[in-house]
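Contents: one structure, followed by commentary.
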Amino acid sequence: MNLNEELEFLKGFIQLSEGQATKRDNIEAFLNEGFYTLLVDADSMLYNVVHAHRENEYDPEEMYLDFNRQIDAVKRQIEGDGCDVEEVIVFFTTCRKNFRKALLPSYKANRKPNEMMQTVSLFKGYAIQMLEEDFVDVRYSDTLEADDLVSNEAKLINNGIIVSIDKDLRQIKGAHFNYYKDKVKSEDGNTVLVPFETPTGYQIMIEKKEFRGWSYTTEQEGFELLLKQCLVGDNSDNIKGANGVGEKKAEKLLEGKNNFGMIRAVYEAYSILYVKDLESDFWEQTTPAKYNKHKGEKVTIFEKNRLKLNISLMKL
């Protein structure tokens with residue numbers, strides 16, 4: 001549902017939780033802005049374009065047209081949902097001196113260079129040049145990634161709509177539009193097909209797809225997402241989370257707690273338990289159950305520095 005529909009849904013309740021009431025008030029204030037600025041995290045759009053043209057000879061002009069079609073399609077959808085777009089700002093990651101790489105040399109080291117990445121890098125330079133020539137507001141930096149730049153701008157304005165597929169940006173309070181497209185399925189579970197006319201005039205049937213679309217993040221929801229990310233880590237960026245904590249365990253650790261309780265749960269998750277073997281002088285890492293049952297010497301080491309590092313790496 002779009003934000004107008006979500007607001008009406010929330011207004012339909014006689015009584016709301018504190019979190020729901022905050023979201024209702026936030027969305028209502030946002031919809032009163034009238035005109036909006038799209039903050040487009042465009043890196044993934046470039047990958048979409050390069051992937052779509054992977055079988056063709058490299059043609060930056062045609063790819064640039066395709067890139068602009070994607071932005072226009074998002075803009076049309078957002079305006080069709082009742083939000084008049086006044087400005088579009090496009091953000092790219094170009095940094096060679098990424099501060100996260102300085103903090104953690106292994107950051108994104110799991111992403112091995114390949115032909116797709118090389119083509120994206122080449123096309124990104126072309127796209128930035130063309131956008132600037134077309135007088136589009138383009139942002140990039142030597143030290144910050146696109147999501148950092150989006151986050152900084154979103155905190156400066158009240159009418160921004162973050163356009164991205166990056167889950168990390170959901171930390172930021174405000175309106176979000178996910179431009180990833182899912183296949184539309186009928187009631188019997190089959191993918192819906194729609195007619196499409198090719199450039200040569202032939203009509204073919206293609207799979208119908210729709211944007212994942214709208215969401216709104218409150219300040220509290222953004223805070224909780226950061227804590228969850230600290231617990232789970234981020235495999236795509238090669239950031240290891242707390243030992244032995246996955247998505248479900250992270251949710252369980254945070255569930256039902258106030259902010260202090262959640263912070264404490266995250267801190268305690270970054271612990272390594274050791275017990276001393278009763279028959280020798282050897283310390284060994286152990287599980288919480290064995291640690292609690294152990295009759296001899298035992299010690300807990302909290303990885304405070306690694307937790308601080310992960311917060312620095314993942315907080316936007």
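By order in the structure tokens, chains are A, B, ...; within a chain, residues start at 1; ligands start at 1, following the order shown.
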- Task: Would you please give, as a PyMOL selection string, all residues of segment 144-285 of chain A that DSSP assigns to strand (DSSP E or B) based on the backbone?
- Result: chain A and resi 160-163+174-183+185+191+193-197+203-207+209-217+233-234+239-240+271-276+283-285
Restricting it to C-alpha atoms, dump the selection as a PDB file, in the first residue's frame.
ATOM      1  CA  GLY A 160      12.766  13.552   0.846  1.00  0.00           C
ATOM      2  CA  ILE A 161      11.718  10.146  -0.507  1.00  0.00           C
ATOM      3  CA  ILE A 162      14.569   7.629  -0.379  1.00  0.00           C
ATOM      4  CA  VAL A 163      14.497   5.568  -3.578  1.00  0.00           C
ATOM      5  CA  GLY A 174      11.294   8.939   6.561  1.00  0.00           C
ATOM      6  CA  ALA A 175       9.556   7.734   3.416  1.00  0.00           C
ATOM      7  CA  HIS A 176      11.133   4.968   1.342  1.00  0.00           C
ATOM      8  CA  PHE A 177      10.359   3.619  -2.115  1.00  0.00           C
ATOM      9  CA  ASN A 178      11.844   0.240  -3.074  1.00  0.00           C
ATOM     10  CA  TYR A 179      12.242   0.111  -6.855  1.00  0.00           C
ATOM     11  CA  TYR A 180      12.893  -3.644  -7.002  1.00  0.00           C
ATOM     12  CA  LYS A 181      10.239  -5.302  -9.160  1.00  0.00           C
ATOM     13  CA  ASP A 182       8.501  -8.546  -8.184  1.00  0.00           C
ATOM     14  CA  LYS A 183       6.540 -10.800 -10.521  1.00  0.00           C
ATOM     15  CA  LYS A 185       0.978 -13.723  -9.539  1.00  0.00           C
ATOM     16  CA  THR A 191       2.749 -15.492 -13.039  1.00  0.00           C
ATOM     17  CA  LEU A 193       1.446 -12.236 -18.433  1.00  0.00           C
ATOM     18  CA  VAL A 194       0.784  -8.949 -20.240  1.00  0.00           C
ATOM     19  CA  PRO A 195       1.168  -7.946 -23.920  1.00  0.00           C
ATOM     20  CA  PHE A 196       4.293  -6.012 -24.928  1.00  0.00           C
ATOM     21  CA  GLU A 197       5.190  -4.521 -28.291  1.00  0.00           C
ATOM     22  CA  GLN A 203       3.636  -8.184 -29.866  1.00  0.00           C
ATOM     23  CA  ILE A 204       4.801 -10.683 -27.282  1.00  0.00           C
ATOM     24  CA  MET A 205       3.646 -11.723 -23.817  1.00  0.00           C
ATOM     25  CA  ILE A 206       5.924 -10.854 -20.907  1.00  0.00           C
ATOM     26  CA  GLU A 207       5.751 -11.377 -17.155  1.00  0.00           C
ATOM     27  CA  LYS A 209       6.090  -6.979 -12.572  1.00  0.00           C
ATOM     28  CA  GLU A 210       5.363  -4.328  -9.950  1.00  0.00           C
ATOM     29  CA  PHE A 211       7.534  -2.203  -7.685  1.00  0.00           C
ATOM     30  CA  ARG A 212       7.861  -3.362  -4.096  1.00  0.00           C
ATOM     31  CA  GLY A 213       7.048   0.238  -3.371  1.00  0.00           C
ATOM     32  CA  TRP A 214       6.368   2.232  -0.250  1.00  0.00           C
ATOM     33  CA  SER A 215       7.304   2.015   3.395  1.00  0.00           C
ATOM     34  CA  TYR A 216       7.867   4.488   6.193  1.00  0.00           C
ATOM     35  CA  THR A 217      10.550   4.199   8.867  1.00  0.00           C
ATOM     36  CA  GLY A 233      26.277  -8.586  10.501  1.00  0.00           C
ATOM     37  CA  ASP A 234      26.250  -8.096   6.746  1.00  0.00           C
ATOM     38  CA  ILE A 239      30.997  -7.740   8.136  1.00  0.00           C
ATOM     39  CA  LYS A 240      30.755 -10.472  10.764  1.00  0.00           C
ATOM     40  CA  SER A 271      30.756 -12.099  24.352  1.00  0.00           C
ATOM     41  CA  ILE A 272      33.073 -15.088  24.253  1.00  0.00           C
ATOM     42  CA  LEU A 273      32.772 -17.570  27.107  1.00  0.00           C
ATOM     43  CA  TYR A 274      35.779 -19.485  28.424  1.00  0.00           C
ATOM     44  CA  VAL A 275      36.115 -22.171  31.095  1.00  0.00           C
ATOM     45  CA  LYS A 276      39.236 -23.738  32.559  1.00  0.00           C
ATOM     46  CA  TRP A 283      41.241 -22.463  28.916  1.00  0.00           C
ATOM     47  CA  GLU A 284      38.705 -23.362  26.220  1.00  0.00           C
ATOM     48  CA  GLN A 285      35.853 -21.509  24.534  1.00  0.00           C
TER      49      GLN A 285
END
- Task: With a distance cut-off of 12 Å and only C-alpha atoms, select the neighbouring residues of Thr218 of chain A, excluding the residue or stretch itself and same-chain residues fewer than 6 positions from it, and output the selection as a PyMOL selection string.
- Result: chain A and resi 18-27+30+170-176+224-225
Dump C-alpha atoms for the selected residues as a compact mmCIF listing (two decimals), in the first residue's frame?
# COMPACT_ATOMS: atom_id res chain seq x y z
CA GLU A 18 2.83 4.04 20.85
CA GLY A 19 4.86 2.93 17.82
CA GLN A 20 1.81 2.85 15.52
CA ALA A 21 0.64 6.26 16.74
CA THR A 22 4.10 7.71 16.08
CA LYS A 23 4.09 6.25 12.56
CA ARG A 24 0.61 7.68 11.91
CA ASP A 25 1.68 11.16 13.01
CA ASN A 26 4.97 10.96 11.05
CA ILE A 27 3.23 9.89 7.83
CA PHE A 30 5.14 13.98 5.67
CA ARG A 170 15.86 1.69 6.21
CA GLN A 171 17.74 2.97 9.26
CA ILE A 172 16.85 6.49 8.14
CA LYS A 173 13.64 8.05 9.39
CA GLY A 174 11.29 8.94 6.56
CA ALA A 175 9.56 7.73 3.42
CA HIS A 176 11.13 4.97 1.34
CA GLU A 224 16.03 -1.23 16.07
CA LEU A 225 17.18 -2.09 12.55
- Task: Determine, counting only C-alpha atoms, which protein, DNA and RNA residues have an atom within 12 Å of an atom of Asp277 of chain A; residues of the same chain fewer than 6 positions away are not included. Present the result as a ChimeraX atom specification.
- Result: /A:283-286,290-291,294-298
Atoms kept (N, CA and C atoms) for selection, written as a PDB file, in the first residue's frame:
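This is the output file selection_18.pdb:
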ATOM      1  N   TRP A 283      42.506 -23.160  29.109  1.00  0.00           N
ATOM      2  CA  TRP A 283      41.241 -22.463  28.916  1.00  0.00           C
ATOM      3  C   TRP A 283      40.660 -22.819  27.548  1.00  0.00           C
ATOM      4  N   GLU A 284      39.341 -23.051  27.501  1.00  0.00           N
ATOM      5  CA  GLU A 284      38.705 -23.362  26.220  1.00  0.00           C
ATOM      6  C   GLU A 284      37.400 -22.581  26.073  1.00  0.00           C
ATOM      7  N   GLN A 285      37.105 -22.207  24.822  1.00  0.00           N
ATOM      8  CA  GLN A 285      35.853 -21.509  24.534  1.00  0.00           C
ATOM      9  C   GLN A 285      34.699 -22.481  24.682  1.00  0.00           C
ATOM     10  N   THR A 286      33.560 -22.007  25.189  1.00  0.00           N
ATOM     11  CA  THR A 286      32.457 -22.917  25.467  1.00  0.00           C
ATOM     12  C   THR A 286      31.109 -22.276  25.141  1.00  0.00           C
ATOM     13  N   LYS A 290      27.138 -24.881  28.904  1.00  0.00           N
ATOM     14  CA  LYS A 290      28.285 -25.489  29.584  1.00  0.00           C
ATOM     15  C   LYS A 290      28.951 -24.483  30.520  1.00  0.00           C
ATOM     16  N   TYR A 291      28.940 -23.239  30.150  1.00  0.00           N
ATOM     17  CA  TYR A 291      29.531 -22.183  30.976  1.00  0.00           C
ATOM     18  C   TYR A 291      28.795 -22.084  32.322  1.00  0.00           C
ATOM     19  N   HIS A 294      29.524 -25.097  34.605  1.00  0.00           N
ATOM     20  CA  HIS A 294      30.921 -25.346  34.974  1.00  0.00           C
ATOM     21  C   HIS A 294      31.167 -25.009  36.444  1.00  0.00           C
ATOM     22  N   LYS A 295      31.882 -25.884  37.118  1.00  0.00           N
ATOM     23  CA  LYS A 295      32.117 -25.736  38.557  1.00  0.00           C
ATOM     24  C   LYS A 295      33.420 -25.000  38.872  1.00  0.00           C
ATOM     25  N   GLY A 296      34.309 -24.930  37.897  1.00  0.00           N
ATOM     26  CA  GLY A 296      35.601 -24.320  38.160  1.00  0.00           C
ATOM     27  C   GLY A 296      35.681 -22.883  37.709  1.00  0.00           C
ATOM     28  N   GLU A 297      36.868 -22.473  37.318  1.00  0.00           N
ATOM     29  CA  GLU A 297      37.093 -21.091  36.887  1.00  0.00           C
ATOM     30  C   GLU A 297      36.469 -20.843  35.514  1.00  0.00           C
ATOM     31  N   LYS A 298      35.910 -19.665  35.341  1.00  0.00           N
ATOM     32  CA  LYS A 298      35.327 -19.295  34.056  1.00  0.00           C
ATOM     33  C   LYS A 298      35.410 -17.780  33.892  1.00  0.00           C
TER      34      LYS A 298
END
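When atom CA of Leu39 of chain A is paired with atom CA of Asp168 of chain A, their separation reads 14.6 Å.
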- Item | Spatial neighbours of segment 252-254 of chain A, 12 Å, only C-alpha atoms, chain gap at least 6 places, as number ranges by chain | A: 223-232, 242, 245-246, 260-269
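Secondary structure by DSSP on the backbone puts the following residues of segment 115-159 of chain A in helix (DSSP H, G or I): Glu115, Met116, Met117, Gln118, Thr119, Val120, Ser121, Leu122, Phe123, Lys124, Gly125, Tyr126, Ala127, Ile128, Gln129, Met130, Leu131, Glu132, Glu133, Ala146, Asp147, Asp148, Leu149, Val150, Ser151, Asn152, Glu153 and Ala154 of chain A.
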Output N, CA and C atoms for every residue in that selection, as a PDB file, in the first residue's frame.
ATOM      1  N   GLU A 115      33.712  -9.141 -14.896  1.00  0.00           N
ATOM      2  CA  GLU A 115      33.412  -8.346 -16.092  1.00  0.00           C
ATOM      3  C   GLU A 115      32.229  -7.414 -15.858  1.00  0.00           C
ATOM      4  N   MET A 116      31.215  -7.890 -15.119  1.00  0.00           N
ATOM      5  CA  MET A 116      30.043  -7.065 -14.836  1.00  0.00           C
ATOM      6  C   MET A 116      30.448  -5.813 -14.055  1.00  0.00           C
ATOM      7  N   MET A 117      31.261  -5.988 -13.017  1.00  0.00           N
ATOM      8  CA  MET A 117      31.690  -4.845 -12.204  1.00  0.00           C
ATOM      9  C   MET A 117      32.513  -3.859 -13.026  1.00  0.00           C
ATOM     10  N   GLN A 118      33.341  -4.365 -13.916  1.00  0.00           N
ATOM     11  CA  GLN A 118      34.160  -3.488 -14.753  1.00  0.00           C
ATOM     12  C   GLN A 118      33.279  -2.664 -15.697  1.00  0.00           C
ATOM     13  N   THR A 119      32.249  -3.325 -16.251  1.00  0.00           N
ATOM     14  CA  THR A 119      31.342  -2.611 -17.155  1.00  0.00           C
ATOM     15  C   THR A 119      30.532  -1.565 -16.394  1.00  0.00           C
ATOM     16  N   VAL A 120      30.086  -1.918 -15.184  1.00  0.00           N
ATOM     17  CA  VAL A 120      29.338  -0.967 -14.358  1.00  0.00           C
ATOM     18  C   VAL A 120      30.197   0.247 -14.045  1.00  0.00           C
ATOM     19  N   SER A 121      31.457   0.015 -13.682  1.00  0.00           N
ATOM     20  CA  SER A 121      32.362   1.120 -13.372  1.00  0.00           C
ATOM     21  C   SER A 121      32.556   2.035 -14.577  1.00  0.00           C
ATOM     22  N   LEU A 122      32.725   1.433 -15.746  1.00  0.00           N
ATOM     23  CA  LEU A 122      32.899   2.200 -16.972  1.00  0.00           C
ATOM     24  C   LEU A 122      31.644   3.013 -17.290  1.00  0.00           C
ATOM     25  N   PHE A 123      30.478   2.356 -17.183  1.00  0.00           N
ATOM     26  CA  PHE A 123      29.219   3.016 -17.500  1.00  0.00           C
ATOM     27  C   PHE A 123      28.880   4.090 -16.472  1.00  0.00           C
ATOM     28  N   LYS A 124      29.270   3.884 -15.210  1.00  0.00           N
ATOM     29  CA  LYS A 124      28.983   4.869 -14.162  1.00  0.00           C
ATOM     30  C   LYS A 124      29.639   6.212 -14.484  1.00  0.00           C
ATOM     31  N   GLY A 125      30.886   6.162 -14.927  1.00  0.00           N
ATOM     32  CA  GLY A 125      31.570   7.399 -15.295  1.00  0.00           C
ATOM     33  C   GLY A 125      30.853   8.121 -16.417  1.00  0.00           C
ATOM     34  N   TYR A 126      30.390   7.352 -17.411  1.00  0.00           N
ATOM     35  CA  TYR A 126      29.653   7.941 -18.529  1.00  0.00           C
ATOM     36  C   TYR A 126      28.330   8.537 -18.054  1.00  0.00           C
ATOM     37  N   ALA A 127      27.609   7.778 -17.202  1.00  0.00           N
ATOM     38  CA  ALA A 127      26.294   8.229 -16.727  1.00  0.00           C
ATOM     39  C   ALA A 127      26.411   9.514 -15.917  1.00  0.00           C
ATOM     40  N   ILE A 128      27.424   9.598 -15.057  1.00  0.00           N
ATOM     41  CA  ILE A 128      27.617  10.809 -14.254  1.00  0.00           C
ATOM     42  C   ILE A 128      27.876  12.011 -15.155  1.00  0.00           C
ATOM     43  N   GLN A 129      28.742  11.819 -16.152  1.00  0.00           N
ATOM     44  CA  GLN A 129      29.059  12.911 -17.074  1.00  0.00           C
ATOM     45  C   GLN A 129      27.804  13.381 -17.815  1.00  0.00           C
ATOM     46  N   MET A 130      27.011  12.434 -18.301  1.00  0.00           N
ATOM     47  CA  MET A 130      25.806  12.794 -19.060  1.00  0.00           C
ATOM     48  C   MET A 130      24.751  13.450 -18.164  1.00  0.00           C
ATOM     49  N   LEU A 131      24.587  12.952 -16.959  1.00  0.00           N
ATOM     50  CA  LEU A 131      23.613  13.546 -16.047  1.00  0.00           C
ATOM     51  C   LEU A 131      23.990  14.991 -15.726  1.00  0.00           C
ATOM     52  N   GLU A 132      25.277  15.229 -15.500  1.00  0.00           N
ATOM     53  CA  GLU A 132      25.727  16.594 -15.215  1.00  0.00           C
ATOM     54  C   GLU A 132      25.524  17.495 -16.427  1.00  0.00           C
ATOM     55  N   GLU A 133      25.762  16.971 -17.620  1.00  0.00           N
ATOM     56  CA  GLU A 133      25.519  17.760 -18.833  1.00  0.00           C
ATOM     57  C   GLU A 133      24.031  18.052 -19.024  1.00  0.00           C
ATOM     58  N   ALA A 146      27.258   5.928  -1.697  1.00  0.00           N
ATOM     59  CA  ALA A 146      25.982   6.543  -2.078  1.00  0.00           C
ATOM     60  C   ALA A 146      24.993   6.550  -0.925  1.00  0.00           C
ATOM     61  N   ASP A 147      24.910   5.444  -0.162  1.00  0.00           N
ATOM     62  CA  ASP A 147      23.924   5.412   0.915  1.00  0.00           C
ATOM     63  C   ASP A 147      24.260   6.404   2.027  1.00  0.00           C
ATOM     64  N   ASP A 148      25.571   6.677   2.248  1.00  0.00           N
ATOM     65  CA  ASP A 148      25.946   7.715   3.216  1.00  0.00           C
ATOM     66  C   ASP A 148      25.473   9.087   2.741  1.00  0.00           C
ATOM     67  N   LEU A 149      25.679   9.348   1.457  1.00  0.00           N
ATOM     68  CA  LEU A 149      25.279  10.637   0.896  1.00  0.00           C
ATOM     69  C   LEU A 149      23.763  10.812   0.930  1.00  0.00           C
ATOM     70  N   VAL A 150      23.039   9.729   0.608  1.00  0.00           N
ATOM     71  CA  VAL A 150      21.571   9.768   0.682  1.00  0.00           C
ATOM     72  C   VAL A 150      21.129  10.055   2.114  1.00  0.00           C
ATOM     73  N   SER A 151      21.737   9.340   3.056  1.00  0.00           N
ATOM     74  CA  SER A 151      21.392   9.515   4.468  1.00  0.00           C
ATOM     75  C   SER A 151      21.622  10.956   4.924  1.00  0.00           C
ATOM     76  N   ASN A 152      22.772  11.521   4.564  1.00  0.00           N
ATOM     77  CA  ASN A 152      23.090  12.897   4.963  1.00  0.00           C
ATOM     78  C   ASN A 152      22.065  13.885   4.432  1.00  0.00           C
ATOM     79  N   GLU A 153      21.682  13.713   3.163  1.00  0.00           N
ATOM     80  CA  GLU A 153      20.717  14.634   2.555  1.00  0.00           C
ATOM     81  C   GLU A 153      19.333  14.452   3.168  1.00  0.00           C
ATOM     82  N   ALA A 154      18.944  13.199   3.421  1.00  0.00           N
ATOM     83  CA  ALA A 154      17.616  12.922   3.977  1.00  0.00           C
ATOM     84  C   ALA A 154      17.430  13.560   5.346  1.00  0.00           C
TER      85      ALA A 154
END
- Which residue gives the smallest distance to Met45 of chain A among A:Ile78, A:Ala250, A:Val90, A:Leu169, with only C-alpha atoms counted? A:Val90
- Query: What does the distance between atom CA of Ser17 of chain A and atom CA of Ile165 of chain A come to in Å, to one decimal place?
  - Reply: 28.3 Å
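Among A:Ser236, A:Ser164, A:Gln15, A:Asn2, the residue with the shortest atom-to-atom distance to Glu79 of chain A, counting only C-alpha atoms, is A:Asn2.
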